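A.B. asks: What follows is the file upload10.csv, containing CSV, C-alpha atoms and all ligand atoms:
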chain,number,residue,atom,x,y,z
A,1442,MET,CA,223.0,220.5,82.7
A,1443,ALA,CA,226.7,220.5,81.9
A,1444,GLY,CA,227.7,217.7,79.5
A,1445,GLU,CA,224.1,216.8,78.6
A,1446,ARG,CA,222.8,217.3,75.1
A,1447,TRP,CA,219.2,218.2,74.4
A,1448,VAL,CA,217.5,218.8,71.0
A,1449,SER,CA,214.5,221.0,70.5
A,1450,GLU,CA,211.8,221.4,68.0
A,1451,VAL,CA,210.6,225.0,68.1
A,1452,ASN,CA,207.4,225.4,66.3
A,1453,ALA,CA,204.6,228.0,66.4
A,1454,GLY,CA,205.8,229.4,69.8
A,1455,TRP,CA,206.1,225.9,71.3
A,1456,GLY,CA,209.2,224.0,72.2
A,1457,LEU,CA,209.6,220.2,72.6
A,1458,THR,CA,212.9,219.1,74.0
A,1459,ILE,CA,214.4,215.6,73.9
A,1460,LYS,CA,217.6,214.4,75.6
A,1461,VAL,CA,220.0,212.9,73.1
A,1462,ARG,CA,223.1,210.8,73.5
A,1463,ARG,CA,224.7,211.4,70.1
A,1464,GLN,CA,224.1,212.5,66.5
A,1465,LEU,CA,224.1,209.8,63.9
A,1466,CYS,CA,223.5,211.9,60.8
A,1467,ASP,CA,223.6,215.6,59.9
A,1468,ILE,CA,223.3,216.5,56.3
A,1469,GLN,CA,221.9,219.4,54.2
A,1470,THR,CA,220.1,217.7,51.4
A,1471,PRO,CA,219.0,219.6,48.3
A,1472,PHE,CA,215.6,220.0,50.0
A,1473,GLN,CA,216.1,220.2,53.8
A,1474,HIS,CA,218.3,219.7,56.9
A,1475,LEU,CA,218.2,216.1,57.8
A,1476,GLU,CA,219.3,215.0,61.3
A,1477,ILE,CA,219.1,211.7,63.1
A,1478,PHE,CA,219.9,211.3,66.8
A,1479,GLU,CA,220.2,208.5,69.3
A,1480,THR,CA,218.1,209.7,72.2
A,1481,VAL,CA,218.5,208.8,75.9
A,1482,ASN,CA,215.0,207.5,76.4
A,1483,LEU,CA,213.1,207.4,73.1
A,1484,GLY,CA,215.3,205.4,70.7
A,1485,ARG,CA,216.2,207.1,67.5
A,1486,LEU,CA,214.9,210.5,66.4
A,1487,LEU,CA,214.5,211.8,62.9
A,1488,MET,CA,214.3,215.6,62.4
A,1489,LEU,CA,213.8,217.5,59.1
A,1490,ASP,CA,214.5,221.2,59.2
A,1491,GLY,CA,214.4,221.1,63.0
A,1492,ILE,CA,210.9,219.4,63.2
A,1493,VAL,CA,210.5,216.0,64.8
A,1494,GLN,CA,209.3,213.5,62.2
A,1495,LEU,CA,209.5,210.4,64.3
A,1496,THR,CA,211.0,208.7,67.4
A,1497,SER,CA,211.3,204.9,67.8
A,1498,PHE,CA,209.3,205.3,71.0
A,1499,ASP,CA,206.0,206.3,69.4
A,1500,GLU,CA,206.2,206.2,65.6
A,1501,PHE,CA,204.0,203.1,65.7
A,1502,ALA,CA,201.0,205.3,66.7
A,1503,TYR,CA,201.3,207.6,63.8
A,1504,HIS,CA,202.2,205.0,61.2
A,1505,GLU,CA,199.6,202.5,62.2
A,1506,MET,CA,196.8,205.1,62.0
A,1507,MET,CA,198.0,206.8,58.8
A,1508,ALA,CA,198.0,203.3,57.1
A,1509,ASN,CA,195.1,201.6,58.7
A,1510,VAL,CA,192.5,204.3,59.0
A,1511,PRO,CA,192.4,204.7,55.2
A,1512,PHE,CA,192.8,201.0,54.6
A,1513,TYR,CA,189.7,200.1,56.6
A,1514,ALA,CA,187.8,203.3,55.7
A,1515,CYS,CA,187.8,202.1,52.1
A,1516,SER,CA,184.5,200.6,51.2
A,1517,HIS,CA,186.1,197.9,49.0
A,1518,VAL,CA,189.2,195.9,49.7
A,1519,PRO,CA,192.0,198.2,48.4
A,1520,GLU,CA,194.6,196.8,46.0
A,1521,ARG,CA,196.8,199.7,44.9
A,1522,ALA,CA,198.3,202.1,47.5
A,1523,LEU,CA,200.4,205.2,47.0
A,1524,VAL,CA,202.3,207.0,49.8
A,1525,ILE,CA,203.4,210.6,49.1
A,1526,GLY,CA,206.3,211.7,51.3
A,1527,GLY,CA,206.9,209.1,54.1
A,1528,GLY,CA,210.5,208.5,53.1
A,1529,ASP,CA,211.3,206.9,56.4
A,1530,GLY,CA,209.2,203.9,55.3
A,1531,GLY,CA,206.9,203.7,58.4
A,1532,VAL,CA,203.6,204.0,56.5
A,1533,LEU,CA,204.9,201.4,54.0
A,1534,ARG,CA,205.8,199.0,56.8
A,1535,GLU,CA,202.2,199.2,58.1
A,1536,LEU,CA,200.6,198.9,54.7
A,1537,GLY,CA,202.8,195.9,54.0
A,1538,ARG,CA,201.0,194.0,56.7
A,1539,HIS,CA,198.0,193.8,54.3
A,1540,ARG,CA,198.4,190.9,51.9
A,1541,GLU,CA,195.4,192.2,49.9
A,1542,LEU,CA,197.4,195.1,48.6
A,1543,LYS,CA,198.9,194.1,45.2
A,1544,SER,CA,201.0,197.2,44.8
A,1545,LEU,CA,202.7,199.7,47.2
A,1546,GLU,CA,204.1,202.8,45.6
A,1547,ILE,CA,205.9,205.7,47.3
A,1548,CYS,CA,206.7,209.1,45.8
A,1549,GLU,CA,209.3,210.8,48.1
A,1550,ILE,CA,210.9,214.0,46.9
A,1551,ASP,CA,214.2,213.6,48.9
A,1552,ALA,CA,216.2,210.5,48.2
A,1553,SER,CA,218.4,211.3,51.2
A,1554,VAL,CA,215.5,210.7,53.6
A,1555,ILE,CA,215.1,207.2,52.1
A,1556,GLU,CA,218.9,206.4,52.3
A,1557,ALA,CA,219.4,207.8,55.8
A,1558,SER,CA,216.3,206.0,57.1
A,1559,ARG,CA,217.4,202.7,55.7
A,1560,LYS,CA,220.8,203.1,57.3
A,1561,PHE,CA,219.9,204.5,60.7
A,1562,LEU,CA,216.2,203.7,61.2
A,1563,PRO,CA,216.0,200.0,60.0
A,1564,GLU,CA,213.0,199.2,62.2
A,1565,THR,CA,210.9,201.8,60.5
A,1566,ALA,CA,212.5,201.6,57.0
A,1567,CYS,CA,212.0,197.8,56.9
A,1568,GLY,CA,208.9,198.9,55.0
A,1569,TYR,CA,211.1,199.0,51.9
A,1570,ASP,CA,212.0,195.4,52.1
A,1571,ASP,CA,208.6,194.4,50.8
A,1572,PRO,CA,208.9,193.2,47.2
A,1573,ARG,CA,205.6,195.0,46.3
A,1574,VAL,CA,207.2,198.4,47.0
A,1575,LYS,CA,208.1,200.6,44.0
A,1576,ILE,CA,210.0,203.8,44.8
A,1577,HIS,CA,209.6,207.0,42.8
A,1578,VAL,CA,211.8,209.9,43.7
A,1579,GLY,CA,210.2,213.1,42.8
A,1580,ASP,CA,207.6,215.8,43.5
A,1581,GLY,CA,204.4,214.2,44.8
A,1582,SER,CA,202.1,216.9,43.5
A,1583,ALA,CA,203.4,216.4,39.9
A,1584,PHE,CA,203.3,212.6,40.3
A,1585,ILE,CA,199.7,212.6,41.3
A,1586,LYS,CA,198.7,214.7,38.3
A,1587,ALA,CA,200.2,212.2,36.0
A,1588,HIS,CA,198.3,209.2,37.5
A,1589,PRO,CA,194.5,209.7,37.1
A,1590,ASP,CA,192.2,206.9,38.2
A,1591,THR,CA,195.0,204.7,39.5
A,1592,TYR,CA,194.9,204.2,43.3
A,1593,ASP,CA,192.6,202.9,46.0
A,1594,LEU,CA,194.5,204.6,48.7
A,1595,ILE,CA,196.6,207.8,48.7
A,1596,ILE,CA,198.4,208.5,51.9
A,1597,VAL,CA,200.2,211.8,52.3
A,1598,ASP,CA,202.8,211.5,55.0
A,1599,SER,CA,204.2,215.0,54.6
A,1600,THR,CA,206.4,217.4,56.6
A,1601,ASP,CA,204.8,220.6,57.8
A,1602,PRO,CA,204.0,223.3,55.3
A,1603,GLY,CA,206.8,225.7,54.5
A,1604,GLY,CA,209.4,223.2,53.3
A,1605,PRO,CA,209.3,220.8,50.4
A,1606,GLY,CA,205.8,219.7,51.6
A,1607,GLU,CA,204.2,223.1,50.9
A,1608,PRO,CA,202.3,222.2,47.7
A,1609,LEU,CA,200.7,219.2,49.5
A,1610,PHE,CA,198.7,221.7,51.6
A,1611,GLY,CA,196.9,223.4,48.7
A,1612,GLU,CA,193.4,222.8,47.4
A,1613,PRO,CA,194.6,222.0,43.8
A,1614,PHE,CA,196.5,219.0,45.2
A,1615,TYR,CA,193.4,217.7,47.0
A,1616,ARG,CA,191.5,217.9,43.7
A,1617,ASP,CA,194.3,216.1,41.9
A,1618,MET,CA,194.3,213.4,44.5
A,1619,LYS,CA,190.6,212.9,44.0
A,1620,ALA,CA,191.2,212.5,40.2
A,1621,ALA,CA,194.0,210.0,41.0
A,1622,LEU,CA,191.7,207.7,43.0
A,1623,ARG,CA,189.8,204.8,41.6
A,1624,PRO,CA,186.1,204.8,42.3
A,1625,GLY,CA,185.5,204.5,46.1
A,1626,GLY,CA,189.2,205.2,46.9
A,1627,VAL,CA,190.3,207.0,50.0
A,1628,ILE,CA,192.8,209.8,50.8
A,1629,ALA,CA,194.5,210.3,54.1
A,1630,THR,CA,196.7,213.3,54.8
A,1631,GLN,CA,198.9,214.5,57.7
A,1632,ALA,CA,196.6,217.2,59.0
A,1633,GLU,CA,198.6,218.8,61.9
A,1634,SER,CA,197.4,219.5,65.4
A,1635,TYR,CA,194.3,221.5,66.1
A,1636,TYR,CA,196.1,222.9,69.2
A,1637,LEU,CA,199.4,223.8,67.5
A,1638,LEU,CA,198.3,224.8,63.9
A,1639,PRO,CA,194.5,225.2,64.0
A,1640,GLU,CA,194.4,227.2,60.7
A,1641,ILE,CA,196.2,224.5,58.8
A,1642,ALA,CA,194.2,221.7,60.3
A,1643,ALA,CA,190.9,223.6,59.5
A,1644,ARG,CA,192.1,224.3,56.0
A,1645,VAL,CA,192.8,220.7,55.0
A,1646,VAL,CA,189.6,219.5,56.6
A,1647,ARG,CA,187.7,222.2,54.5
A,1648,PHE,CA,189.4,221.0,51.3
A,1649,ALA,CA,188.4,217.4,52.1
A,1650,LYS,CA,184.9,218.4,52.9
A,1651,ASN,CA,184.5,220.5,49.8
A,1652,ILE,CA,185.9,217.8,47.5
A,1653,PHE,CA,184.7,214.5,48.9
A,1654,GLN,CA,181.3,213.2,49.9
A,1655,TYR,CA,182.6,211.7,53.2
A,1656,SER,CA,185.4,213.2,55.2
A,1657,GLY,CA,186.7,213.6,58.8
A,1658,PHE,CA,189.7,214.4,61.0
A,1659,ALA,CA,191.0,211.5,63.0
A,1660,GLN,CA,193.2,212.4,65.9
A,1661,ILE,CA,196.3,210.4,66.9
A,1662,ASN,CA,198.2,210.6,70.2
A,1663,VAL,CA,201.9,211.1,69.5
A,1664,PRO,CA,203.7,212.4,72.6
A,1665,THR,CA,206.8,213.4,70.7
A,1666,TYR,CA,204.9,215.8,68.4
A,1667,PRO,CA,204.3,219.2,70.0
A,1668,THR,CA,200.9,219.1,71.8
A,1669,GLY,CA,201.1,215.3,71.8
A,1670,LEU,CA,198.5,215.1,69.0
A,1671,ILE,CA,198.4,215.1,65.2
A,1672,GLY,CA,195.6,214.6,62.8
A,1673,CYS,CA,194.9,212.4,59.8
A,1674,CYS,CA,192.4,214.0,57.4
A,1675,VAL,CA,190.4,211.4,55.5
A,1676,GLY,CA,188.2,211.8,52.4
A,1677,SER,CA,186.3,209.5,50.1
A,1678,ASP,CA,183.3,209.2,47.9
A,1679,GLY,CA,182.9,205.5,48.7
A,1680,GLY,CA,181.3,205.6,52.1
A,1681,ASP,CA,181.5,206.8,55.7
A,1682,VAL,CA,185.2,206.9,56.5
A,1683,ARG,CA,184.5,206.8,60.2
A,1684,GLU,CA,183.2,203.3,60.0
A,1685,PRO,CA,185.7,200.5,59.3
A,1686,ARG,CA,184.8,198.2,56.5
A,1687,GLU,CA,185.9,195.1,58.5
A,1688,VAL,CA,187.9,194.2,61.6
A,1689,PRO,CA,191.6,193.2,61.2
A,1690,ASP,CA,192.1,189.5,61.4
A,1691,PRO,CA,193.2,188.3,64.8
A,1692,GLU,CA,196.8,187.6,63.8
A,1693,LEU,CA,197.2,191.1,62.4
A,1694,GLN,CA,195.4,192.7,65.4
A,1695,LYS,CA,198.0,191.1,67.7
A,1696,VAL,CA,200.8,193.1,66.1
A,1697,LEU,CA,199.0,196.4,66.0
A,1698,HIS,CA,199.6,198.3,69.2
A,1699,TYR,CA,197.5,201.4,68.5
A,1700,TYR,CA,194.9,200.7,65.8
A,1701,SER,CA,191.8,198.8,66.4
A,1702,PRO,CA,188.2,199.2,65.0
A,1703,GLU,CA,187.2,201.0,68.2
A,1704,ILE,CA,190.1,203.5,68.0
A,1705,HIS,CA,189.2,204.0,64.3
A,1706,ARG,CA,185.7,205.1,65.2
A,1707,GLY,CA,186.8,207.0,68.4
A,1708,ALA,CA,189.6,208.9,66.6
A,1709,PHE,CA,186.9,210.9,64.8
A,1710,LEU,CA,185.2,212.0,68.0
A,1711,LEU,CA,186.6,215.4,68.8
A,1712,PRO,CA,186.4,217.9,71.6
A,1713,ARG,CA,183.7,220.4,71.1
A,1714,PHE,CA,186.0,223.3,70.2
A,1715,ALA,CA,187.8,221.2,67.6
A,1716,SER,CA,184.5,220.1,66.0
A,1717,GLN,CA,183.4,223.7,65.9
A,1718,LEU,CA,186.8,224.7,64.3
A,1719,PHE,CA,186.2,222.2,61.6
A,1720,GLU,CA,182.5,223.3,61.2
A,1721,GLY,CA,184.0,226.7,60.4
A,1722,GLU,CA,182.7,228.3,63.7
A,1723,GLY,CA,186.0,228.5,65.6
A,1724,LYS,CA,186.2,229.4,69.2
B,1801,LIG,N1,204.8,218.2,62.7
B,1801,LIG,C1,205.4,217.0,62.3
B,1801,LIG,C2,204.6,216.3,61.3
B,1801,LIG,C3,205.4,215.1,60.8
B,1801,LIG,C4,204.6,214.3,59.9
B,1801,LIG,N2,205.4,213.4,59.1
B,1801,LIG,C5,206.0,212.4,59.9
B,1801,LIG,C6,206.8,211.5,59.1
B,1801,LIG,C7,206.8,210.1,59.7
B,1801,LIG,N3,206.7,209.1,58.8
Render the structure in this file as structure tokens.
Ligand code: SPD

C.D. replies:
Amino acid sequence: MAGERWVSEVNAGWGLTIKVRRQLCDIQTPFQHLEIFETVNLGRLLMLDGIVQLTSFDEFAYHEMMANVPFYACSHVPERALVIGGGDGGVLRELGRHRELKSLEICEIDASVIEASRKFLPETACGYDDPRVKIHVGDGSAFIKAHPDTYDLIIVDSTDPGGPGEPLFGEPFYRDMKAALRPGGVIATQAESYYLLPEIAARVVRFAKNIFQYSGFAQINVPTYPTGLIGCCVGSDGGDVREPREVPDPELQKVLHYYSPEIHRGAFLLPRFASQLFEGEGK
């Protein structure tokens, strides 16, 4: 309609279009095109290279699951967590709710994502206000190699493959993550949608299955990602990642709007075609 402004993510033959009021940030960083919009119905919107990373409307779903599934999948109480990517701070915000974590590190390749998120997305980037947070700006795949036997949780909140996140979708990186875990630690990675990018989802699930004793794909409903769904691939040698170690204490559960122990278990229950895809049978 004349005078209206819409922004689209065009990805793998799909389009997802959101009505926006104005653009708050438009910069070409050394790594990617970074844009932030104020939308009409969904709060703020962060896009990197034209791909939706988050909206204020539903970012809680993705960030709660990316943080809490690995936190509760860990067979011991985790103390040291590392986020790779995740420069908007949303995963940090959710991890920060856990007082048991003694250190919270983030390795983000693009300092501009951190700066712009702190300026324009304060409700997400408030994760950085936690004094336990230590920021490393650099390449996550190199960082992980340099830190063997260090973390209880490694959470990879990456962009899609093709941009700066590309090395994070390779098997060597999964092996390096395993080496960077302390015994019984857990990895969780952004694993795409089995509707939108089935080959990539199947590939990362295969890596996790080949490398860890226990693994699985947890699905998350996120309406502002194309197909409304995204996966979290989880792997560990410590125990069954589908079964939470404990329930959140009642005060914490009150502030979680998506995660619960029931959702944790249920997220690993997949439609038959998706299970077959991950078993290598495909449809
Ligand atoms: N297809 C988009 C995947 C985006 C995953 N990263 C989101 C960043 C939010 N912290």

A.B. asks: Distance limit 10 Å, reference ligand LIG 1801 (chain B), atoms considered: only C-alpha atoms and all ligand atoms. Which residues make the cut? Give them as a PyMOL selection string.

C.D. replies: chain A and resi 1450+1452+1487-1489+1491-1496+1500-1501+1503-1504+1507+1526-1533+1565-1566+1597-1602+1606+1630-1634+1637-1638+1663+1665-1668+1670-1673

A.B. asks: Take CA of Phe1478 (chain A) and CA of Gly1568 (chain A) and report the distance between them in Å, one decimal.

C.D. replies: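 So the answer is 20.3 Å.
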
A.B. asks: Go through A:Ala1629, A:Ala1621, A:Phe1719, A:Glu1684 one by one, measure the shortest atom-to-atom distance of each to Lys1650 (chain A) using all atoms listed in the file, and give the residue with the smallest value.

C.D. replies: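 Between A:Ala1629, A:Ala1621, A:Phe1719, A:Glu1684, the residue approaching Lys1650 (chain A) most closely is A:Phe1719.
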
A.B. asks: So how many Å separate CA of Asp1570 (chain A) and CA of Val1696 (chain A), to one decimal?

C.D. replies: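 Separation between CA of Asp1570 (chain A) and CA of Val1696 (chain A): 18.1 Å.
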
A.B. asks: As an exercise, work out the distance from CA of Gly1537 (chain A) to CA of Asn1509 (chain A) in Å and give it to one decimal place.

C.D. replies: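 Between these atoms lies a distance of 10.7 Å.
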
A.B. asks: Determine, counting all atoms listed in the file, which protein, DNA and RNA residues have an atom within 9 Å of an atom of Ser1516 (chain A); residues of the same chain fewer than 5 positions away are not included. Present the result as a PyMOL selection string.

C.D. replies: chain A and resi 1625-1627+1679-1682+1685-1686

A.B. asks: Which residue out of A:Val1481, A:Val1645, A:Ile1468, A:Cys1548 has the minimum interatomic distance to Arg1446 (chain A) when all atoms listed in the file are used?

C.D. replies: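 Closest to Arg1446 (chain A) of all the choices is A:Val1481.
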
A.B. asks: Neighbouring residues of Glu1612 (chain A) were defined as those with any atom within 10 Å, considering only C-alpha atoms; residues of the same chain fewer than 5 positions away were excluded. Please report them as an mmCIF file with C-alpha atoms, in the coordinates of the input.

C.D. replies:
data_model
loop_
_atom_site.group_PDB
_atom_site.id
_atom_site.type_symbol
_atom_site.label_atom_id
_atom_site.label_comp_id
_atom_site.auth_asym_id
_atom_site.auth_seq_id
_atom_site.Cartn_x
_atom_site.Cartn_y
_atom_site.Cartn_z
ATOM 1 C CA ASP A 1617 194.300 216.100 41.900
ATOM 2 C CA MET A 1618 194.300 213.400 44.500
ATOM 3 C CA ARG A 1644 192.100 224.300 56.000
ATOM 4 C CA VAL A 1645 192.800 220.700 55.000
ATOM 5 C CA ARG A 1647 187.700 222.200 54.500
ATOM 6 C CA PHE A 1648 189.400 221.000 51.300
ATOM 7 C CA ALA A 1649 188.400 217.400 52.100
ATOM 8 C CA ASN A 1651 184.500 220.500 49.800
ATOM 9 C CA ILE A 1652 185.900 217.800 47.500
#

A.B. asks: Model the absent atoms of region 1661-1675 of chain A so that N, CA, C and O atoms are present, and write the result as a PDB file, keeping the file's coordinate frame.

C.D. replies:
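Full text of part_22.pdb as output:
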ATOM      1  N   ILE A1661     195.362 211.458  66.502  1.00  0.00           N
ATOM      2  CA  ILE A1661     196.300 210.400  66.900  1.00  0.00           C
ATOM      3  C   ILE A1661     197.183 210.969  68.012  1.00  0.00           C
ATOM      4  O   ILE A1661     197.712 212.084  67.904  1.00  0.00           O
ATOM      5  N   ASN A1662     197.332 210.200  69.078  1.00  0.00           N
ATOM      6  CA  ASN A1662     198.200 210.600  70.200  1.00  0.00           C
ATOM      7  C   ASN A1662     199.630 210.270  69.898  1.00  0.00           C
ATOM      8  O   ASN A1662     199.954 209.086  69.778  1.00  0.00           O
ATOM      9  N   VAL A1663     200.462 211.279  69.767  1.00  0.00           N
ATOM     10  CA  VAL A1663     201.900 211.100  69.500  1.00  0.00           C
ATOM     11  C   VAL A1663     202.662 211.988  70.446  1.00  0.00           C
ATOM     12  O   VAL A1663     202.838 213.177  70.161  1.00  0.00           O
ATOM     13  N   PRO A1664     203.134 211.487  71.584  1.00  0.00           N
ATOM     14  CA  PRO A1664     203.700 212.400  72.600  1.00  0.00           C
ATOM     15  C   PRO A1664     204.933 213.169  72.095  1.00  0.00           C
ATOM     16  O   PRO A1664     205.205 214.245  72.630  1.00  0.00           O
ATOM     17  N   THR A1665     205.647 212.683  71.076  1.00  0.00           N
ATOM     18  CA  THR A1665     206.800 213.400  70.700  1.00  0.00           C
ATOM     19  C   THR A1665     206.554 214.420  69.521  1.00  0.00           C
ATOM     20  O   THR A1665     207.488 214.971  68.936  1.00  0.00           O
ATOM     21  N   TYR A1666     205.274 214.672  69.216  1.00  0.00           N
ATOM     22  CA  TYR A1666     204.900 215.800  68.400  1.00  0.00           C
ATOM     23  C   TYR A1666     204.422 216.913  69.370  1.00  0.00           C
ATOM     24  O   TYR A1666     203.706 216.578  70.327  1.00  0.00           O
ATOM     25  N   PRO A1667     204.749 218.188  69.115  1.00  0.00           N
ATOM     26  CA  PRO A1667     204.300 219.200  70.000  1.00  0.00           C
ATOM     27  C   PRO A1667     202.758 219.154  70.183  1.00  0.00           C
ATOM     28  O   PRO A1667     202.044 218.959  69.189  1.00  0.00           O
ATOM     29  N   THR A1668     202.295 219.277  71.387  1.00  0.00           N
ATOM     30  CA  THR A1668     200.900 219.100  71.800  1.00  0.00           C
ATOM     31  C   THR A1668     200.471 217.664  71.948  1.00  0.00           C
ATOM     32  O   THR A1668     199.347 217.371  72.348  1.00  0.00           O
ATOM     33  N   GLY A1669     201.353 216.750  71.573  1.00  0.00           N
ATOM     34  CA  GLY A1669     201.100 215.300  71.800  1.00  0.00           C
ATOM     35  C   GLY A1669     199.984 214.775  70.871  1.00  0.00           C
ATOM     36  O   GLY A1669     199.477 213.673  71.101  1.00  0.00           O
ATOM     37  N   LEU A1670     199.680 215.519  69.828  1.00  0.00           N
ATOM     38  CA  LEU A1670     198.500 215.100  69.000  1.00  0.00           C
ATOM     39  C   LEU A1670     198.798 215.524  67.557  1.00  0.00           C
ATOM     40  O   LEU A1670     199.418 216.548  67.294  1.00  0.00           O
ATOM     41  N   ILE A1671     198.323 214.696  66.646  1.00  0.00           N
ATOM     42  CA  ILE A1671     198.400 215.100  65.200  1.00  0.00           C
ATOM     43  C   ILE A1671     197.170 214.483  64.555  1.00  0.00           C
ATOM     44  O   ILE A1671     196.563 213.527  65.067  1.00  0.00           O
ATOM     45  N   GLY A1672     196.800 215.076  63.413  1.00  0.00           N
ATOM     46  CA  GLY A1672     195.600 214.600  62.800  1.00  0.00           C
ATOM     47  C   GLY A1672     195.842 213.911  61.452  1.00  0.00           C
ATOM     48  O   GLY A1672     196.873 214.094  60.807  1.00  0.00           O
ATOM     49  N   CYS A1673     194.863 213.091  61.092  1.00  0.00           N
ATOM     50  CA  CYS A1673     194.900 212.400  59.800  1.00  0.00           C
ATOM     51  C   CYS A1673     193.534 212.830  59.153  1.00  0.00           C
ATOM     52  O   CYS A1673     192.459 212.498  59.672  1.00  0.00           O
ATOM     53  N   CYS A1674     193.617 213.587  58.065  1.00  0.00           N
ATOM     54  CA  CYS A1674     192.400 214.000  57.400  1.00  0.00           C
ATOM     55  C   CYS A1674     192.046 212.997  56.326  1.00  0.00           C
ATOM     56  O   CYS A1674     192.885 212.638  55.500  1.00  0.00           O
ATOM     57  N   VAL A1675     190.820 212.507  56.375  1.00  0.00           N
ATOM     58  CA  VAL A1675     190.400 211.400  55.500  1.00  0.00           C
ATOM     59  C   VAL A1675     189.285 211.837  54.612  1.00  0.00           C
ATOM     60  O   VAL A1675     188.376 212.565  55.060  1.00  0.00           O
TER      61      VAL A1675
END
